[in-house]
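**Q** Okay, here's the structure, questions in a sec.
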Amino acid sequence: MASGYAIHGHAIVSDDDKIADAGGHTPRSLRHPADWKRFQAAMDGAAVTILGRLGHMAHPNAHGRNRIVLSSSASGIERRDGVWWWNPARASLEAALAVAAPSGGIVVVPGGRRVFDLFLQLGFDEFHLARVRGVTVPDGIPIFSESSSHRSAETVLAAHGLEPQPTEMLDAEAGVSVTVWRRRAPG
Ligand SMILES: NC(=O)c1ccc[n+]([C@@H]2O[C@H](COP(=O)([O-])OP(=O)(O)OC[C@H]3O[C@@H](n4cnc5c(N)ncnc54)[C@H](OP(=O)(O)O)[C@@H]3O)[C@@H](O)[C@H]2O)c1
């Protein structure tokens, strides 16, 4: 894990642990104002946000935040079109952060799936898992490759060394809640 940085994942999922529909778009049923506001505040407080190329294209960097976009097209870590581009096969996370966010701080990771898969291996310090109750996204994109109908997102997070804090209800009427999962203290 990169020292001087705290890696925070953020996702909002359906009952069946999906982050996007079969076409790779976030369905309206997973968009929620209270969650969006919380997520925007997290990005405002971050040293850098790291997301996949498709998410970057779906949500261009309108606020000009410090952003790293994952792509196999990058030669390592490089600057193009107002954002950093990173290929983890060619540069380590430490090397990417040393260039893009040299002062350290919070690194917000909003996915998508392959990005979450990568950071499960690299190590999350926190994962902010929001849920919308009563929504399913058949054939959608799961939050993690490891998650399935038999293995929930919570099971995957626990298997990767994280433990849940008390769940906070963001909008009881809409059934939207968030649970922050934190890295278990060693020992
Ligand atoms: N509900 C939620 O919380 C949530 C969270 C995240 C995303 N989403 C939504 O889901 C959709 C996109 O998600 P997605 O999972 O389909 O795609 P994505 O992660 O946004 O983008 C995938 C692309 O990112 C690059 N990439 C990802 N991991 C990489 C790695 N380890 N090494 C090199 N390149 C890597 C690749 O780009 P190249 O093809 O250039 O190599 C890959 O094709 C968007 O609509 C987004 O808004 C929702």
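Convention: chains lettered A, B, ... in structure tokens order; per-chain residue numbering from 1; ligands numbered from 1 as shown.
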Identify, counting only C-alpha atoms and all ligand atoms, the protein, DNA and RNA residues located within 8 Å of ligand 1, and give them as a ChimeraX atom specification.
**A** /A:10-13,18-21,24-26,30-31,51-59,69-74,86-89,110-118,130,141,143
**Q** Hey, can you spit out that residue selection with C-alpha atoms as a PDB file, in the first residue's frame?
**A**
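Written file, out-v5.pdb:
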```pdb
ATOM      1  CA  HIS A  10     -17.050   4.519  -3.331  1.00  0.00           C
ATOM      2  CA  ALA A  11     -19.944   2.692  -5.018  1.00  0.00           C
ATOM      3  CA  ILE A  12     -23.729   2.597  -5.058  1.00  0.00           C
ATOM      4  CA  VAL A  13     -25.224  -0.829  -5.787  1.00  0.00           C
ATOM      5  CA  LYS A  18     -24.711  -4.206  -9.733  1.00  0.00           C
ATOM      6  CA  ILE A  19     -23.067  -0.812 -10.438  1.00  0.00           C
ATOM      7  CA  ALA A  20     -24.249  -0.383 -14.048  1.00  0.00           C
ATOM      8  CA  ASP A  21     -26.655  -1.906 -16.579  1.00  0.00           C
ATOM      9  CA  GLY A  24     -22.391  -0.043 -19.142  1.00  0.00           C
ATOM     10  CA  HIS A  25     -24.563   2.898 -18.043  1.00  0.00           C
ATOM     11  CA  THR A  26     -25.597   3.752 -14.498  1.00  0.00           C
ATOM     12  CA  LEU A  30     -29.079   3.866  -8.923  1.00  0.00           C
ATOM     13  CA  ARG A  31     -28.852   7.648  -9.107  1.00  0.00           C
ATOM     14  CA  LEU A  51     -11.445   5.838 -12.236  1.00  0.00           C
ATOM     15  CA  GLY A  52     -11.758   3.704 -15.371  1.00  0.00           C
ATOM     16  CA  ARG A  53     -11.754   5.130 -18.892  1.00  0.00           C
ATOM     17  CA  LEU A  54     -15.456   4.403 -19.507  1.00  0.00           C
ATOM     18  CA  GLY A  55     -16.516   6.125 -16.288  1.00  0.00           C
ATOM     19  CA  HIS A  56     -14.290   9.083 -17.248  1.00  0.00           C
ATOM     20  CA  MET A  57     -15.966   9.315 -20.650  1.00  0.00           C
ATOM     21  CA  ALA A  58     -19.454   9.050 -19.090  1.00  0.00           C
ATOM     22  CA  HIS A  59     -18.599  11.733 -16.502  1.00  0.00           C
ATOM     23  CA  VAL A  69      -7.897   7.617 -15.576  1.00  0.00           C
ATOM     24  CA  LEU A  70      -6.967   3.944 -15.972  1.00  0.00           C
ATOM     25  CA  SER A  71      -6.341   2.768 -19.521  1.00  0.00           C
ATOM     26  CA  SER A  72      -4.249   0.109 -21.198  1.00  0.00           C
ATOM     27  CA  SER A  73      -3.432   2.815 -23.787  1.00  0.00           C
ATOM     28  CA  ALA A  74      -1.258   4.750 -21.298  1.00  0.00           C
ATOM     29  CA  TRP A  86      -2.296   5.436 -15.826  1.00  0.00           C
ATOM     30  CA  ASN A  87      -1.613   1.916 -17.008  1.00  0.00           C
ATOM     31  CA  PRO A  88      -0.969  -0.250 -13.927  1.00  0.00           C
ATOM     32  CA  ALA A  89       0.802  -2.849 -16.101  1.00  0.00           C
ATOM     33  CA  PRO A 110     -15.170   5.261  -7.828  1.00  0.00           C
ATOM     34  CA  GLY A 111     -14.673   2.184 -10.057  1.00  0.00           C
ATOM     35  CA  GLY A 112     -15.807   0.626 -12.322  1.00  0.00           C
ATOM     36  CA  ARG A 113     -15.543  -3.113 -11.846  1.00  0.00           C
ATOM     37  CA  ARG A 114     -11.976  -3.737 -13.073  1.00  0.00           C
ATOM     38  CA  VAL A 115     -10.749  -0.728 -11.124  1.00  0.00           C
ATOM     39  CA  PHE A 116     -12.376  -2.081  -7.950  1.00  0.00           C
ATOM     40  CA  ASP A 117     -10.853  -5.514  -8.727  1.00  0.00           C
ATOM     41  CA  LEU A 118      -7.393  -3.937  -8.975  1.00  0.00           C
ATOM     42  CA  ALA A 130     -24.147   2.642  -0.669  1.00  0.00           C
ATOM     43  CA  ILE A 141     -22.135  -5.065 -14.293  1.00  0.00           C
ATOM     44  CA  ILE A 143     -19.314  -4.283  -8.395  1.00  0.00           C
TER      45      ILE A 143
END
```
**Q** Please provide the set of residues having any atom within 8 Å of range 3-7 of chain A, restricted to only C-alpha atoms, with same-chain residues fewer than 5 positions apart removed, written as a PDB file with all heavy atoms, in the first residue's frame.
**A**
```
ATOM      1  N   GLY A 104       0.453  13.538  -1.057  1.00  0.00           N
ATOM      2  CA  GLY A 104      -0.291  12.527  -0.305  1.00  0.00           C
ATOM      3  C   GLY A 104      -1.730  12.956  -0.089  1.00  0.00           C
ATOM      4  O   GLY A 104      -2.197  13.940  -0.661  1.00  0.00           O
ATOM      5  N   GLY A 105      -2.478  12.185   0.735  1.00  0.00           N
ATOM      6  CA  GLY A 105      -3.873  12.507   1.030  1.00  0.00           C
ATOM      7  C   GLY A 105      -4.815  11.384   0.652  1.00  0.00           C
ATOM      8  O   GLY A 105      -4.400  10.239   0.444  1.00  0.00           O
ATOM      9  N   ILE A 106      -6.098  11.742   0.569  1.00  0.00           N
ATOM     10  CA  ILE A 106      -7.128  10.732   0.278  1.00  0.00           C
ATOM     11  C   ILE A 106      -7.216  10.490  -1.229  1.00  0.00           C
ATOM     12  O   ILE A 106      -7.236  11.435  -2.022  1.00  0.00           O
ATOM     13  CB  ILE A 106      -8.495  11.178   0.839  1.00  0.00           C
ATOM     14  CG1 ILE A 106      -8.434  11.217   2.373  1.00  0.00           C
ATOM     15  CG2 ILE A 106      -9.612  10.239   0.377  1.00  0.00           C
ATOM     16  CD1 ILE A 106      -9.674  11.801   3.022  1.00  0.00           C
ATOM     17  N   VAL A 107      -7.248   9.215  -1.585  1.00  0.00           N
ATOM     18  CA  VAL A 107      -7.403   8.805  -2.980  1.00  0.00           C
ATOM     19  C   VAL A 107      -8.796   8.198  -3.098  1.00  0.00           C
ATOM     20  O   VAL A 107      -9.076   7.152  -2.505  1.00  0.00           O
ATOM     21  CB  VAL A 107      -6.332   7.759  -3.354  1.00  0.00           C
ATOM     22  CG1 VAL A 107      -6.516   7.279  -4.793  1.00  0.00           C
ATOM     23  CG2 VAL A 107      -4.934   8.323  -3.131  1.00  0.00           C
ATOM     24  N   VAL A 108      -9.687   8.859  -3.825  1.00  0.00           N
ATOM     25  CA  VAL A 108     -11.049   8.343  -4.007  1.00  0.00           C
ATOM     26  C   VAL A 108     -11.090   7.466  -5.265  1.00  0.00           C
ATOM     27  O   VAL A 108     -10.636   7.875  -6.331  1.00  0.00           O
ATOM     28  CB  VAL A 108     -12.076   9.501  -4.107  1.00  0.00           C
ATOM     29  CG1 VAL A 108     -13.396   9.018  -4.679  1.00  0.00           C
ATOM     30  CG2 VAL A 108     -12.311  10.121  -2.729  1.00  0.00           C
ATOM     31  N   VAL A 109     -11.621   6.249  -5.097  1.00  0.00           N
ATOM     32  CA  VAL A 109     -11.691   5.284  -6.210  1.00  0.00           C
ATOM     33  C   VAL A 109     -13.157   4.953  -6.470  1.00  0.00           C
ATOM     34  O   VAL A 109     -13.766   4.197  -5.709  1.00  0.00           O
ATOM     35  CB  VAL A 109     -10.897   4.002  -5.867  1.00  0.00           C
ATOM     36  CG1 VAL A 109     -10.992   2.989  -7.010  1.00  0.00           C
ATOM     37  CG2 VAL A 109      -9.442   4.327  -5.563  1.00  0.00           C
ATOM     38  N   GLY A 123      -5.302  -2.958  -2.052  1.00  0.00           N
ATOM     39  CA  GLY A 123      -5.697  -2.696  -0.663  1.00  0.00           C
ATOM     40  C   GLY A 123      -6.470  -1.391  -0.496  1.00  0.00           C
ATOM     41  O   GLY A 123      -5.916  -0.316  -0.728  1.00  0.00           O
ATOM     42  N   PHE A 124      -7.744  -1.514  -0.113  1.00  0.00           N
ATOM     43  CA  PHE A 124      -8.535  -0.336   0.262  1.00  0.00           C
ATOM     44  C   PHE A 124      -8.331  -0.078   1.752  1.00  0.00           C
ATOM     45  O   PHE A 124      -8.315  -1.013   2.560  1.00  0.00           O
ATOM     46  CB  PHE A 124     -10.039  -0.608   0.055  1.00  0.00           C
ATOM     47  CG  PHE A 124     -10.493  -0.547  -1.381  1.00  0.00           C
ATOM     48  CD1 PHE A 124     -10.913  -1.697  -2.040  1.00  0.00           C
ATOM     49  CD2 PHE A 124     -10.540   0.670  -2.053  1.00  0.00           C
ATOM     50  CE1 PHE A 124     -11.359  -1.642  -3.354  1.00  0.00           C
ATOM     51  CE2 PHE A 124     -10.994   0.731  -3.373  1.00  0.00           C
ATOM     52  CZ  PHE A 124     -11.400  -0.425  -4.018  1.00  0.00           C
ATOM     53  N   ASP A 125      -8.227   1.212   2.141  1.00  0.00           N
ATOM     54  CA  ASP A 125      -8.278   1.567   3.558  1.00  0.00           C
ATOM     55  C   ASP A 125      -9.724   1.695   4.008  1.00  0.00           C
ATOM     56  O   ASP A 125     -10.056   1.400   5.153  1.00  0.00           O
ATOM     57  CB  ASP A 125      -7.529   2.880   3.797  1.00  0.00           C
ATOM     58  CG  ASP A 125      -6.061   2.727   3.465  1.00  0.00           C
ATOM     59  OD1 ASP A 125      -5.378   2.000   4.204  1.00  0.00           O
ATOM     60  OD2 ASP A 125      -5.608   3.279   2.443  1.00  0.00           O
ATOM     61  N   GLU A 126     -10.589   2.180   3.095  1.00  0.00           N
ATOM     62  CA  GLU A 126     -12.026   2.275   3.366  1.00  0.00           C
ATOM     63  C   GLU A 126     -12.770   1.956   2.070  1.00  0.00           C
ATOM     64  O   GLU A 126     -12.259   2.220   0.976  1.00  0.00           O
ATOM     65  CB  GLU A 126     -12.436   3.706   3.789  1.00  0.00           C
ATOM     66  CG  GLU A 126     -11.951   4.113   5.141  1.00  0.00           C
ATOM     67  CD  GLU A 126     -12.499   5.479   5.577  1.00  0.00           C
ATOM     68  OE1 GLU A 126     -13.314   6.078   4.837  1.00  0.00           O
ATOM     69  OE2 GLU A 126     -12.105   5.922   6.666  1.00  0.00           O
TER      70      GLU A 126
END
```
**Q** Between CA of Val132 in chain A and CA of Ser14 in chain A, what is the spacing in Å?
**A**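 Computing the Euclidean distance for CA of Ser14 in chain A and CA of Val132 in chain A yields 5.5 Å.
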**Q** If you run DSSP on the backbone here, which positions in range 82-121 of chain A get alpha helix (DSSP H)? Please write them as a list in words.
**A**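 Across range 82-121 of chain A, those assigned alpha helix (DSSP H) are Leu93, Glu94, Ala95, Ala96, Leu97, Ala98, Val99, Ala100, Arg113, Arg114, Val115, Phe116, Asp117, Leu118, Phe119, Leu120 and Gln121 of chain A.
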**Q** Residues within 9 Å of Asp16 in chain A, please, as a VMD selection string. Count only C-alpha atoms; anything in the same chain fewer than 2 positions from it doesn't count.
**A** chain A and resid 13 to 14 18 135 to 138 142 148 to 149 152
**Q** Residues of the last selection are to be written out with C-alpha atoms, as an mmCIF file, in the first residue's frame.
**A**
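Now in again-v5.cif:
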```cif
data_model
loop_
_atom_site.group_PDB
_atom_site.id
_atom_site.type_symbol
_atom_site.label_atom_id
_atom_site.label_comp_id
_atom_site.auth_asym_id
_atom_site.auth_seq_id
_atom_site.Cartn_x
_atom_site.Cartn_y
_atom_site.Cartn_z
ATOM 1 C CA VAL A 13 -25.224 -0.829 -5.787
ATOM 2 C CA SER A 14 -28.549 -2.549 -6.362
ATOM 3 C CA LYS A 18 -24.711 -4.206 -9.733
ATOM 4 C CA VAL A 135 -33.707 -2.273 -7.080
ATOM 5 C CA THR A 136 -32.221 -5.042 -9.245
ATOM 6 C CA VAL A 137 -30.286 -4.686 -12.517
ATOM 7 C CA PRO A 138 -30.567 -8.003 -14.420
ATOM 8 C CA PRO A 142 -21.306 -6.424 -10.810
ATOM 9 C CA SER A 148 -22.125 -13.148 -7.554
ATOM 10 C CA SER A 149 -25.578 -14.248 -6.427
ATOM 11 C CA SER A 152 -22.264 -10.541 -1.798
#
```
**Q** Among chain A, which ones does DSSP assign to strand (DSSP E) (computed from the backbone)? Answer as an MDAnalysis selection string.
**A** chainID A and resid 5:13 18:20 48:52 67:70 77:80 83:86 105:109 126:132 141:142 162:164 168:171 176:183
**Q** Go through A:Asp81, A:Asp139, A:Asp35, A:Glu163 one by one, measure the shortest atom-to-atom distance of each to Ile68 in chain A using only C-alpha atoms, and give the residue with the smallest value.
**A**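 Using only C-alpha atoms, the shortest distance to Ile68 in chain A belongs to A:Asp81.
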**Q** Measuring atom to atom with only C-alpha atoms, identify which of A:Val83, A:Leu170, A:Val176, A:Ala47 is nearest to Ala62 in chain A.
**A**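 Ranked by minimum distance to Ala62 in chain A, first place goes to A:Val83.
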**Q** Report, in Å with one decimal, the straight-line distance from CA of His8 in chain A to CA of Ser145 in chain A.
**A**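 Going from CA of His8 in chain A over to CA of Ser145 in chain A covers 18.6 Å.
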**Q** In Å, rounded to a single decimal, give me how far CA of Phe39 in chain A is from CA of Pro166 in chain A.
**A**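 Between CA of Pro166 in chain A and CA of Phe39 in chain A the gap works out to 18.1 Å.
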